[in-house]
Protein chains: 2
Amino acid sequence: MNATKQKILTTSLTLFNQHGIAKVSLRTIADSMQISVGNLQYHFKKRDAILETLYFELVEKIDRIIITATDDLLASVCAITTEICALFFEYRFFLLDFTAICRNNEKIKQHYASLYKRREAEFLQIVAMLIQHGLLRQEVLQHEFLYLFKRMEVISNFWFSSVLTQGHELSESTIQEYEIMMSQNLYPYLTEKGKLQYRKIFPDQML
Amino acid sequence: MNATKQKILTTSLTLFNQHGIAKVSLRTIADSMQISVGNLQYHFKKRDAILETLYFELVEKIDRIIITATDDLLASVCAITTEICALFFEYRFFLLDFTAICRNNEKIKQHYASLYKRREAEFLQIVAMLIQHGLLRQEVLQHEFLYLFKRMEVISNFWFSSVLTQGHELSESTIQEYEIMMSQNLYPYLTEKGKLQYRKIFPDQML
DNA sequence: CAATATTTAGTACAATTGTACTAAAAAATA
DNA sequence: TATTTTTTAGTACAATTGTACTAAATATTG
């Protein structure tokens, strides 16, 4: 990819993360990297083209993570969580304006809707595997793990937003808290065997 | 309160819920209720004044709910959840643009930040009571119920947003799912006694 | 070198926004 | 009724936005 085009993307990402999409105009981006708006527009005909490129960049990076998951199950599920969180932080602007973006961009909206379904299926597969390995207990409520997924997805997508609304800035500790929240969310569903492994992965969390 | 002023609020609420804050200008509101922008501005000097009034309206309504909670503990906790969800739905525009609002409005931002802390304390108090009544088990992980609160707060504030990003419209079933998610979130922490009561409250959820 | 394609800058424009301001109309008050 | 206050409409304005368009500069190619 063209060097200018690439720099437009990284500059936009930085500015979006810093000030939120709504407050970053094409002029803001152009001024920030000292090129003309005309030049910027030569590389991205529509403003939304920048957004979409960044979105699919993120999606692709996440997909690459998920595929590489293999060996020790519980540990690798936790590791994936960590990696996803890091990526989410890198593209945090996106999550902070998630609803607005989906409302204004049909392309991203539709893509995420189908992505969500795919992720749901993948999650339930992992759950099935965890049960098979005797790490997770059986369901005792209707669609218990489906709702667990839904909750995890909300937390995953909106935890950064939540932190901001609490009046804090996003930082390293935000990421750490995210990981604790996600892992603790899983904990009550683990079998004794699962809890034993959990203790090894997160010794600091134990009382 | 003045009739015109009141109608401005209800009209704004409807329009905000329908199209999102960003797409509702002062002219949109004025045109919709067939008054002049000048008149609108007479009642609300700043655009944000409308927003703030609606916000504090919601806060007050929620406060009234929480205070009236008394008797059968687990059931009333669930009942409160339902009522809050109904109010959130009524003012859903607010949650759908929560981060943007907090970024742009210092007054609301600061108020919510302190409200969050208050709610956290209240939640932990209720947890203590539930434990005392033998309905909730003791903590086994560090800050386990604090993180449970954090998760509940994220889900509570961003569930509607999440549904929209999944490509669905908000409806009655959205509210129902919210209630199931929130109650199932609590379930794994209940004692045998607590689970027994749970079964009475949500017989449909049992396998 | 000459010709062509790519990249850049600059200007212009139409649309929208929040808000300030003025004056008329309506309501309240004395 | 007279006058004072409240409410309403209308106009104007400055700022910002995304984007279209033109022409110059630069790089590439033959």
# chains A, B, ... in the order shown; residues from 1 in each chain; ligands from 1

call {"tool": "interface_residues", "arguments": {"of": "chain D", "to": "chain A", "cutoff": "9 Å", "atoms": "only C-alpha atoms (C1' of nucleotides)", "output": "ChimeraX atom specification"}}
result
/D:17-19

call {"tool": "write_last_selection", "arguments": {"atoms": "C-alpha atoms (C1' of nucleotides)", "output": "PDB file, in the first residue's frame"}}
result
ATOM      1  C1'  DT D  17     -18.452  19.944   7.276  1.00  0.00           C
ATOM      2  C1'  DG D  18     -17.873  16.598   3.230  1.00  0.00           C
ATOM      3  C1'  DT D  19     -16.965  16.701  -1.292  1.00  0.00           C
TER       4       DT D  19
END

call {"tool": "residues_around", "arguments": {"residues": "Leu196 of chain B", "least_positions_apart": "3", "cutoff": "12 Å", "atoms": "only C-alpha atoms (C1' of nucleotides)", "output": "PyMOL selection string"}}
result
chain B and resi 74-75+134-136+187+190-193+199-203+206

call {"tool": "interface_residues", "arguments": {"of": "chain C", "to": "chain A", "cutoff": "12 Å", "atoms": "only C-alpha atoms (C1' of nucleotides)", "output": "compact mmCIF listing (two decimals) with N, CA and C atoms (P, O5', C5', C4', C3', O3' and C1' of nucleotides), in the first residue's frame"}}
result
# COMPACT_ATOMS: atom_id res chain seq x y z
P DT C 6 -2.05 5.80 -13.44
O5' DT C 6 -1.38 6.59 -12.23
C5' DT C 6 -0.06 6.25 -11.84
C4' DT C 6 0.45 7.25 -10.84
C3' DT C 6 -0.42 7.42 -9.58
O3' DT C 6 0.41 7.17 -8.46
C1' DT C 6 0.16 9.53 -10.48
P DT C 7 -0.24 7.08 -7.01
O5' DT C 7 -0.05 8.55 -6.44
C5' DT C 7 1.28 9.06 -6.33
C4' DT C 7 1.22 10.56 -6.10
C3' DT C 7 0.47 11.01 -4.83
O3' DT C 7 1.45 11.56 -3.97
C1' DT C 7 0.06 12.43 -6.69
P DT C 8 0.99 12.00 -2.51
O5' DT C 8 0.63 13.53 -2.72
C5' DT C 8 1.68 14.48 -2.90
C4' DT C 8 1.12 15.82 -3.30
C3' DT C 8 0.24 16.52 -2.27
O3' DT C 8 1.02 17.46 -1.56
C1' DT C 8 -0.54 16.81 -4.52
P DA C 9 0.35 18.28 -0.38
O5' DA C 9 -0.26 19.53 -1.14
C5' DA C 9 0.56 20.27 -2.04
C4' DA C 9 -0.23 21.43 -2.62
C3' DA C 9 -1.02 22.24 -1.60
O3' DA C 9 -0.69 23.62 -1.78
C1' DA C 9 -2.44 21.54 -3.39
P DG C 10 -1.28 24.74 -0.83
O5' DG C 10 -2.54 25.26 -1.64
C5' DG C 10 -2.40 25.48 -3.05
C4' DG C 10 -3.74 25.88 -3.62
C3' DG C 10 -4.60 26.69 -2.65
O3' DG C 10 -5.00 27.89 -3.27
C1' DG C 10 -5.84 24.87 -3.58
P DT C 11 -5.87 28.98 -2.48
O5' DT C 11 -7.27 28.86 -3.21
C5' DT C 11 -7.31 28.62 -4.61
C4' DT C 11 -8.73 28.30 -5.04
C3' DT C 11 -9.81 29.09 -4.29
O3' DT C 11 -10.63 29.75 -5.23
C1' DT C 11 -10.32 26.77 -4.29

call {"tool": "residues_around", "arguments": {"residues": "Phe98 of chain A", "least_positions_apart": "6", "cutoff": "10 Å", "atoms": "only C-alpha atoms (C1' of nucleotides)", "output": "tab-separated table (two decimals) with C-alpha atoms, in the first residue's frame"}}
result
chain	number	residue	atom	x	y	z
A	92	ARG	CA	-10.52	1.67	20.73
A	109	LYS	CA	-23.30	-2.74	10.34
A	157	ASN	CA	-17.37	-4.51	23.15
A	158	PHE	CA	-18.36	-1.88	25.71
A	161	SER	CA	-16.96	2.81	26.94
B	96	LEU	CA	-27.18	4.48	22.83
B	97	ASP	CA	-25.01	7.60	22.82
B	99	THR	CA	-19.99	7.77	25.61
B	161	SER	CA	-26.33	-0.70	22.20
B	162	SER	CA	-25.19	-4.26	21.78
B	164	LEU	CA	-28.40	-2.56	17.78
B	165	THR	CA	-24.89	-3.50	16.70

call {"tool": "closest_residue", "arguments": {"among": "A:Phe123, A:Tyr198, A:Phe149, A:Tyr116", "to": "chain B", "atoms": "only C-alpha atoms"}}
result
A:Tyr116

call {"tool": "select_by_dssp", "arguments": {"residues": "segment 3-146 of chain A", "states": "alpha helix (DSSP H)", "output": "VMD selection string"}}
result
chain A and resid 3 to 19 26 to 32 37 to 43 47 to 67 73 to 90 92 to 96 98 to 104 106 to 132 144 to 146

call {"tool": "residues_around", "arguments": {"residues": "segment 9-22 of chain B", "least_positions_apart": "2", "cutoff": "9 Å", "atoms": "only C-alpha atoms (C1' of nucleotides)", "output": "PyMOL selection string"}}
result
(chain A and resi 100+103) or (chain B and resi 4-7+24-25+28-29+32-33+50-51+53-54+90-94+96-97+101)

call {"tool": "residues_around", "arguments": {"residues": "DG30 of chain D", "least_positions_apart": "4", "cutoff": "12 Å", "atoms": "only C-alpha atoms (C1' of nucleotides)", "output": "ChimeraX atom specification"}}
result
/C:1-4

call {"tool": "atom_distance", "arguments": {"atom1": "atom CA of Glu169 of chain A", "atom2": "atom CA of Gln110 of chain B"}}
result
13.3 Å

call {"tool": "closest_residue", "arguments": {"among": "A:Gln197, A:Asp204, A:Ile84, A:Leu146", "to": "Met181 of chain B", "atoms": "only C-alpha atoms"}}
result
A:Leu146
